[in-house]
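Peer 1: Input target_1.pdb, format and content: PDB, C-alpha atoms.
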ATOM      1  CA  MET Z   1     149.074  48.600  28.113
ATOM      2  CA  GLN Z   2     150.695  45.514  29.600
ATOM      3  CA  ILE Z   3     152.745  42.710  28.060
ATOM      4  CA  ALA Z   4     149.790  40.387  28.724
ATOM      5  CA  ASP Z   5     147.801  42.466  26.206
ATOM      6  CA  VAL Z   6     150.547  42.048  23.605
ATOM      7  CA  LEU Z   7     150.598  38.283  24.168
ATOM      8  CA  ARG Z   8     146.817  38.130  23.911
ATOM      9  CA  ASN Z   9     147.062  39.718  20.452
ATOM     10  CA  LYS Z  10     150.006  37.702  19.140
ATOM     11  CA  GLY Z  11     149.504  34.457  21.018
ATOM     12  CA  PRO Z  12     151.689  32.592  23.493
ATOM     13  CA  ALA Z  13     153.583  30.370  21.044
ATOM     14  CA  VAL Z  14     157.352  30.467  21.478
ATOM     15  CA  ALA Z  15     159.810  28.667  19.237
ATOM     16  CA  THR Z  16     162.545  27.014  21.290
ATOM     17  CA  VAL Z  17     165.630  24.900  20.764
ATOM     18  CA  GLY Z  18     167.902  22.891  23.005
ATOM     19  CA  PRO Z  19     171.512  23.902  23.668
ATOM     20  CA  GLY Z  20     172.816  20.718  22.056
ATOM     21  CA  ILE Z  21     171.628  21.276  18.495
ATOM     22  CA  THR Z  22     174.100  22.500  15.921
ATOM     23  CA  VAL Z  23     174.237  26.046  14.657
ATOM     24  CA  ASN Z  24     173.400  24.651  11.214
ATOM     25  CA  ALA Z  25     170.181  23.149  12.615
ATOM     26  CA  LEU Z  26     169.505  26.410  14.455
ATOM     27  CA  ILE Z  27     169.620  28.341  11.184
ATOM     28  CA  GLY Z  28     167.049  25.950   9.783
ATOM     29  CA  GLU Z  29     164.782  26.508  12.786
ATOM     30  CA  LEU Z  30     165.085  30.303  12.529
ATOM     31  CA  ALA Z  31     164.059  30.075   8.876
ATOM     32  CA  ARG Z  32     161.270  27.555   9.508
ATOM     33  CA  HIS Z  33     159.685  29.746  12.183
ATOM     34  CA  ASN Z  34     160.529  32.978  10.335
ATOM     35  CA  VAL Z  35     161.937  34.535  13.519
ATOM     36  CA  GLY Z  36     165.111  36.350  14.482
ATOM     37  CA  ALA Z  37     165.621  34.647  17.849
ATOM     38  CA  LEU Z  38     164.917  31.378  19.605
ATOM     39  CA  VAL Z  39     164.740  30.755  23.314
ATOM     40  CA  VAL Z  40     167.096  27.995  24.432
ATOM     41  CA  VAL Z  41     165.396  25.586  26.821
ATOM     42  CA  GLU Z  42     166.756  22.601  28.698
ATOM     43  CA  ASN Z  43     164.627  20.490  31.048
ATOM     44  CA  ASP Z  44     161.776  23.035  30.778
ATOM     45  CA  GLU Z  45     164.082  25.825  31.982
ATOM     46  CA  VAL Z  46     165.211  28.845  29.970
ATOM     47  CA  VAL Z  47     169.003  28.607  29.776
ATOM     48  CA  GLY Z  48     169.665  31.148  27.033
ATOM     49  CA  ILE Z  49     168.571  32.959  23.929
ATOM     50  CA  VAL Z  50     170.180  32.838  20.502
ATOM     51  CA  THR Z  51     169.687  35.306  17.668
ATOM     52  CA  GLU Z  52     170.588  35.737  14.039
ATOM     53  CA  ARG Z  53     173.022  38.389  15.211
ATOM     54  CA  ASP Z  54     174.793  35.833  17.438
ATOM     55  CA  VAL Z  55     175.222  33.539  14.449
ATOM     56  CA  VAL Z  56     176.544  36.259  12.135
ATOM     57  CA  ARG Z  57     179.040  37.604  14.669
ATOM     58  CA  ARG Z  58     180.370  34.140  15.518
ATOM     59  CA  ILE Z  59     180.708  33.166  11.844
ATOM     60  CA  HIS Z  60     182.761  36.324  11.363
ATOM     61  CA  GLU Z  61     185.019  35.246  14.254
ATOM     62  CA  ARG Z  62     185.215  31.497  13.629
ATOM     63  CA  GLY Z  63     184.327  30.960   9.998
ATOM     64  CA  ALA Z  64     182.188  28.218   8.495
ATOM     65  CA  ASP Z  65     183.299  25.705  11.151
ATOM     66  CA  LEU Z  66     180.796  27.422  13.419
ATOM     67  CA  LEU Z  67     177.986  25.580  11.633
ATOM     68  CA  ASN Z  68     179.049  22.385  13.427
ATOM     69  CA  ALA Z  69     179.238  24.057  16.854
ATOM     70  CA  ARG Z  70     176.459  23.689  19.401
ATOM     71  CA  VAL Z  71     173.943  26.419  20.194
ATOM     72  CA  GLY Z  72     175.118  26.265  23.810
ATOM     73  CA  ASP Z  73     178.491  27.573  22.626
ATOM     74  CA  ILE Z  74     177.085  30.770  21.105
ATOM     75  CA  MET Z  75     173.891  31.561  23.015
ATOM     76  CA  THR Z  76     173.500  34.458  25.406
ATOM     77  CA  THR Z  77     173.113  33.041  28.896
ATOM     78  CA  ALA Z  78     172.349  36.301  30.731
ATOM     79  CA  VAL Z  79     168.741  36.388  29.563
ATOM     80  CA  PHE Z  80     166.681  39.453  30.355
ATOM     81  CA  ALA Z  81     163.039  38.505  30.760
ATOM     82  CA  CYS Z  82     159.790  40.250  31.561
ATOM     83  CA  LEU Z  83     156.462  39.534  33.210
ATOM     84  CA  PRO Z  84     152.983  39.749  31.698
ATOM     85  CA  THR Z  85     152.250  42.550  34.173
ATOM     86  CA  ASP Z  86     155.115  44.742  32.906
ATOM     87  CA  SER Z  87     154.070  47.768  30.900
ATOM     88  CA  VAL Z  88     154.831  48.018  27.218
ATOM     89  CA  ASP Z  89     156.408  51.436  27.847
ATOM     90  CA  SER Z  90     158.828  50.074  30.458
ATOM     91  CA  LEU Z  91     159.723  47.184  28.176
ATOM     92  CA  ALA Z  92     160.387  49.581  25.287
ATOM     93  CA  GLU Z  93     162.735  51.530  27.532
ATOM     94  CA  THR Z  94     164.570  48.383  28.662
ATOM     95  CA  MET Z  95     164.912  47.120  25.100
ATOM     96  CA  THR Z  96     166.245  50.465  23.901
ATOM     97  CA  GLU Z  97     168.699  50.974  26.766
ATOM     98  CA  ARG Z  98     170.054  47.435  26.681
ATOM     99  CA  ARG Z  99     169.848  47.039  22.890
ATOM    100  CA  ILE Z 100     167.733  43.902  23.212
ATOM    101  CA  ARG Z 101     165.297  42.908  20.470
ATOM    102  CA  HIS Z 102     163.645  39.878  22.054
ATOM    103  CA  LEU Z 103     162.549  39.252  25.640
ATOM    104  CA  PRO Z 104     161.089  35.998  26.913
ATOM    105  CA  VAL Z 105     158.052  36.350  29.164
ATOM    106  CA  ILE Z 106     158.528  34.138  32.219
ATOM    107  CA  VAL Z 107     156.103  33.436  35.074
ATOM    108  CA  ASP Z 108     157.188  31.325  38.046
ATOM    109  CA  GLY Z 109     160.116  29.968  36.035
ATOM    110  CA  GLN Z 110     157.899  28.947  33.106
ATOM    111  CA  LEU Z 111     158.224  30.380  29.607
ATOM    112  CA  VAL Z 112     154.806  31.801  28.651
ATOM    113  CA  GLY Z 113     155.660  33.938  25.626
ATOM    114  CA  ILE Z 114     158.179  36.152  23.881
ATOM    115  CA  VAL Z 115     157.992  39.815  22.947
ATOM    116  CA  SER Z 116     160.019  41.412  20.178
ATOM    117  CA  ILE Z 117     160.775  45.059  19.560
ATOM    118  CA  GLY Z 118     158.420  44.750  16.579
ATOM    119  CA  ASP Z 119     155.615  43.666  18.918
ATOM    120  CA  VAL Z 120     156.299  46.688  21.122
ATOM    121  CA  VAL Z 121     156.274  49.086  18.175
ATOM    122  CA  LYS Z 122     153.083  47.543  16.777
ATOM    123  CA  SER Z 123     151.410  47.890  20.168
ATOM    124  CA  ARG Z 124     152.454  51.519  20.513
ATOM    125  CA  ILE Z 125     151.240  52.342  16.988
ATOM    126  CA  GLY Z 126     147.895  50.753  17.836
ATOM    127  CA  GLU Z 127     147.609  52.875  20.976
ATOM    128  CA  LEU Z 128     148.441  56.053  19.072
ATOM    129  CA  GLN Z 129     145.944  55.206  16.332
ATOM    130  CA  GLY Z 130     143.245  54.669  18.950
ATOM    131  CA  GLU Z 131     144.008  58.017  20.571
ATOM    132  CA  ARG Z 132     143.937  59.726  17.180
ATOM    133  CA  ASP Z 133     140.577  58.163  16.326
ATOM    134  CA  GLN Z 134     139.135  59.314  19.654
ATOM    135  CA  LEU Z 135     140.394  62.862  19.112
ATOM    136  CA  GLU Z 136     138.976  62.982  15.583
ATOM    137  CA  ALA Z 137     135.605  61.728  16.822
ATOM    138  CA  TYR Z 138     135.606  64.328  19.574
ATOM    139  CA  ILE Z 139     136.439  67.116  17.137
ATOM    140  CA  GLU Z 140     133.796  66.007  14.633
ATOM    141  CA  HIS Z 141     131.015  65.417  17.139
ATOM    142  CA  GLY Z 142     132.015  67.816  19.921
TER     143      GLY Z 142
END
I'd like the structure from this file rewritten - as structure tokens, please.
Peer 2:
Amino acid sequence: MQIADVLRNKGPAVATVGPGITVNALIGELARHNVGALVVVENDEVVGIVTERDVVRRIHERGADLLNARVGDIMTTAVFACLPTDSVDSLAETMTERRIRHLPVIVDGQLVGIVSIGDVVKSRIGELQGERDQLEAYIEHG
């Protein structure tokens, strides 16, 4: 299964923010979209990714003053991305090895989707269920 299949099932919508918004506004956007990460985009280019984990760790370091800081100050700028043609298995391996929970899907510099570790797990469970159903049908009907 490819990442394109995952995106076909979940849709291409990606919640984004700009690097200039405050962390306080970011928290509101995370809650509004009910997501754990937002891709940071400036001039239609992915410049970073920011997660709930980034916020929590920085609040621990800097205290409540962080809420007035800009997303650009706390985002991860070394963004790992994937392609729609990448396999779900290879993405699962990358996410596990690098301890990444969200990967933007980028084609020719354009953001076309995002895949979370939850999407990968859901996809894998679906594959396993399909295999199980096929095996049961084979056993029952020979």
Peer 1: What are the closest atom pairs, with distances in Å to one decimal, for each residue of range 6-29 of chain Z lying within 12 Å of range 99-104 of chain Z, using only C-alpha atoms, rows by chain and rising residue number, as CSV?
Peer 2:
residue,atom,partner,partner_atom,distance
Z:Leu7,CA,Z:Pro104,CA,11.1
Z:Pro12,CA,Z:Pro104,CA,10.6
Z:Ala13,CA,Z:Pro104,CA,11.1
Z:Val14,CA,Z:Pro104,CA,8.6
Z:Ala15,CA,Z:Pro104,CA,10.7
Z:Thr16,CA,Z:Pro104,CA,10.7
Peer 1: Report, in Å with one decimal, the straight-line distance from CA of Asp5 in chain Z to CA of Leu111 in chain Z.
Peer 2: 16.3 Å
Peer 1: Give me, as a ChimeraX atom specification, all polymer residues having an atom no more than 12 Å from range 106-108 of chain Z, counting all atoms listed in the file and skipping those fewer than 5 positions away in the same chain.
Peer 2: /Z:3-4,12,14,39,44-46,79-86,113-115
Peer 1: Using the chain letters and numbering of this document, enumerate as a list in words the residues selected by the PyMOL selection byres ((chain Z and resi 61-75) around 6).
Peer 2: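 Written out, the selection comes to Pro19, Gly20, Ile21, Thr22, Val23, Asn24, Gly48, Ile49, Val50, Arg58, Ile59, His60 and Thr76 of chain Z.
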Peer 1: For those residues, write C-alpha atoms to a file as a compact mmCIF listing (two decimals), in the coordinates of the input.
Peer 2:
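Final output, again_21.txt:
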# COMPACT_ATOMS: atom_id res chain seq x y z
CA PRO Z 19 171.51 23.90 23.67
CA GLY Z 20 172.82 20.72 22.06
CA ILE Z 21 171.63 21.28 18.50
CA THR Z 22 174.10 22.50 15.92
CA VAL Z 23 174.24 26.05 14.66
CA ASN Z 24 173.40 24.65 11.21
CA GLY Z 48 169.66 31.15 27.03
CA ILE Z 49 168.57 32.96 23.93
CA VAL Z 50 170.18 32.84 20.50
CA ARG Z 58 180.37 34.14 15.52
CA ILE Z 59 180.71 33.17 11.84
CA HIS Z 60 182.76 36.32 11.36
CA THR Z 76 173.50 34.46 25.41
Peer 1: Would you write out, as number ranges by chain, every residue that the PyMOL selection byres ((chain Z and resi 36) around 7) captures in this file?
Peer 2: Z: 30, 35, 37, 51-52
Peer 1: To one decimal in Å, tell me the separation between CA of Lys122 in chain Z and CA of Gly18 in chain Z.
Peer 2: 29.4 Å
Peer 1: What is the distance, in Å and to one decimal place, between CA of Arg8 in chain Z and CA of Gly118 in chain Z?
Peer 2: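 Taking CA of Arg8 in chain Z and CA of Gly118 in chain Z, their separation equals 15.2 Å.
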Peer 1: Taking the partial coordinates given, rebuild range 49-60 of chain Z to contain all heavy atoms; return it as a compact mmCIF listing (two decimals), keeping the file's coordinate frame.
Peer 2:
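Resulting contents of result.txt:
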# COMPACT_ATOMS: atom_id res chain seq x y z
N ILE Z 49 169.27 32.49 25.11
CA ILE Z 49 168.57 32.96 23.93
C ILE Z 49 169.62 33.08 22.84
O ILE Z 49 170.78 33.43 23.11
CB ILE Z 49 167.82 34.28 24.17
CG1 ILE Z 49 166.88 34.60 23.00
CG2 ILE Z 49 168.77 35.42 24.49
CD1 ILE Z 49 165.84 35.66 23.32
N VAL Z 50 169.24 32.77 21.62
CA VAL Z 50 170.18 32.84 20.50
C VAL Z 50 169.50 33.56 19.35
O VAL Z 50 168.33 33.32 19.05
CB VAL Z 50 170.70 31.44 20.11
CG1 VAL Z 50 169.59 30.55 19.61
CG2 VAL Z 50 171.84 31.51 19.13
N THR Z 51 170.24 34.47 18.72
CA THR Z 51 169.69 35.31 17.67
C THR Z 51 170.48 35.18 16.38
O THR Z 51 171.60 34.67 16.37
CB THR Z 51 169.70 36.79 18.09
OG1 THR Z 51 171.06 37.24 18.17
CG2 THR Z 51 169.01 36.99 19.44
N GLU Z 52 169.87 35.68 15.32
CA GLU Z 52 170.59 35.74 14.04
C GLU Z 52 171.89 36.51 14.20
O GLU Z 52 172.92 36.15 13.63
CB GLU Z 52 169.72 36.42 12.99
CG GLU Z 52 168.49 35.66 12.61
CD GLU Z 52 167.51 36.50 11.80
OE1 GLU Z 52 167.40 37.72 12.04
OE2 GLU Z 52 166.84 35.92 10.93
N ARG Z 53 171.84 37.56 14.98
CA ARG Z 53 173.02 38.39 15.21
C ARG Z 53 174.14 37.57 15.87
O ARG Z 53 175.31 37.72 15.51
CB ARG Z 53 172.65 39.58 16.08
CG ARG Z 53 173.77 40.57 16.27
CD ARG Z 53 173.31 41.74 17.09
NE ARG Z 53 172.51 42.62 16.25
CZ ARG Z 53 171.98 43.74 16.68
NH1 ARG Z 53 172.11 44.12 17.92
NH2 ARG Z 53 171.28 44.50 15.85
N ASP Z 54 173.79 36.70 16.81
CA ASP Z 54 174.79 35.83 17.44
C ASP Z 54 175.48 34.97 16.40
O ASP Z 54 176.70 34.81 16.40
CB ASP Z 54 174.13 34.92 18.49
CG ASP Z 54 173.60 35.67 19.69
OD1 ASP Z 54 174.21 36.68 20.10
OD2 ASP Z 54 172.56 35.23 20.22
N VAL Z 55 174.68 34.41 15.49
CA VAL Z 55 175.22 33.54 14.45
C VAL Z 55 176.17 34.31 13.53
O VAL Z 55 177.30 33.89 13.28
CB VAL Z 55 174.09 32.88 13.63
CG1 VAL Z 55 174.67 32.10 12.45
CG2 VAL Z 55 173.25 31.97 14.52
N VAL Z 56 175.73 35.47 13.07
CA VAL Z 56 176.54 36.26 12.14
C VAL Z 56 177.87 36.68 12.77
O VAL Z 56 178.94 36.56 12.16
CB VAL Z 56 175.75 37.49 11.64
CG1 VAL Z 56 176.65 38.46 10.89
CG2 VAL Z 56 174.59 37.04 10.76
N ARG Z 57 177.80 37.16 14.00
CA ARG Z 57 179.04 37.60 14.67
C ARG Z 57 180.01 36.45 14.89
O ARG Z 57 181.22 36.61 14.73
CB ARG Z 57 178.70 38.29 15.98
CG ARG Z 57 178.09 39.65 15.75
CD ARG Z 57 177.81 40.37 17.03
NE ARG Z 57 177.32 41.71 16.74
CZ ARG Z 57 176.69 42.46 17.58
NH1 ARG Z 57 176.48 42.04 18.81
NH2 ARG Z 57 176.27 43.66 17.23
N ARG Z 58 179.49 35.29 15.27
CA ARG Z 58 180.37 34.14 15.52
C ARG Z 58 180.93 33.58 14.22
O ARG Z 58 182.07 33.12 14.19
CB ARG Z 58 179.64 33.05 16.29
CG ARG Z 58 179.18 33.38 17.70
CD ARG Z 58 180.20 34.12 18.53
NE ARG Z 58 179.80 34.38 19.89
CZ ARG Z 58 178.79 35.12 20.31
NH1 ARG Z 58 177.98 35.67 19.45
NH2 ARG Z 58 178.58 35.32 21.59
N ILE Z 59 180.17 33.61 13.14
CA ILE Z 59 180.71 33.17 11.84
C ILE Z 59 181.85 34.09 11.43
O ILE Z 59 182.88 33.63 10.92
CB ILE Z 59 179.61 33.10 10.76
CG1 ILE Z 59 178.74 31.86 10.97
CG2 ILE Z 59 180.22 33.07 9.36
CD1 ILE Z 59 177.59 31.72 10.01
N HIS Z 60 181.69 35.37 11.68
CA HIS Z 60 182.76 36.32 11.36
C HIS Z 60 184.03 35.97 12.14
O HIS Z 60 185.13 36.04 11.60
CB HIS Z 60 182.32 37.75 11.69
CG HIS Z 60 183.39 38.76 11.52
ND1 HIS Z 60 183.83 39.17 10.29
CD2 HIS Z 60 184.14 39.43 12.42
CE1 HIS Z 60 184.80 40.05 10.43
NE2 HIS Z 60 185.01 40.23 11.73
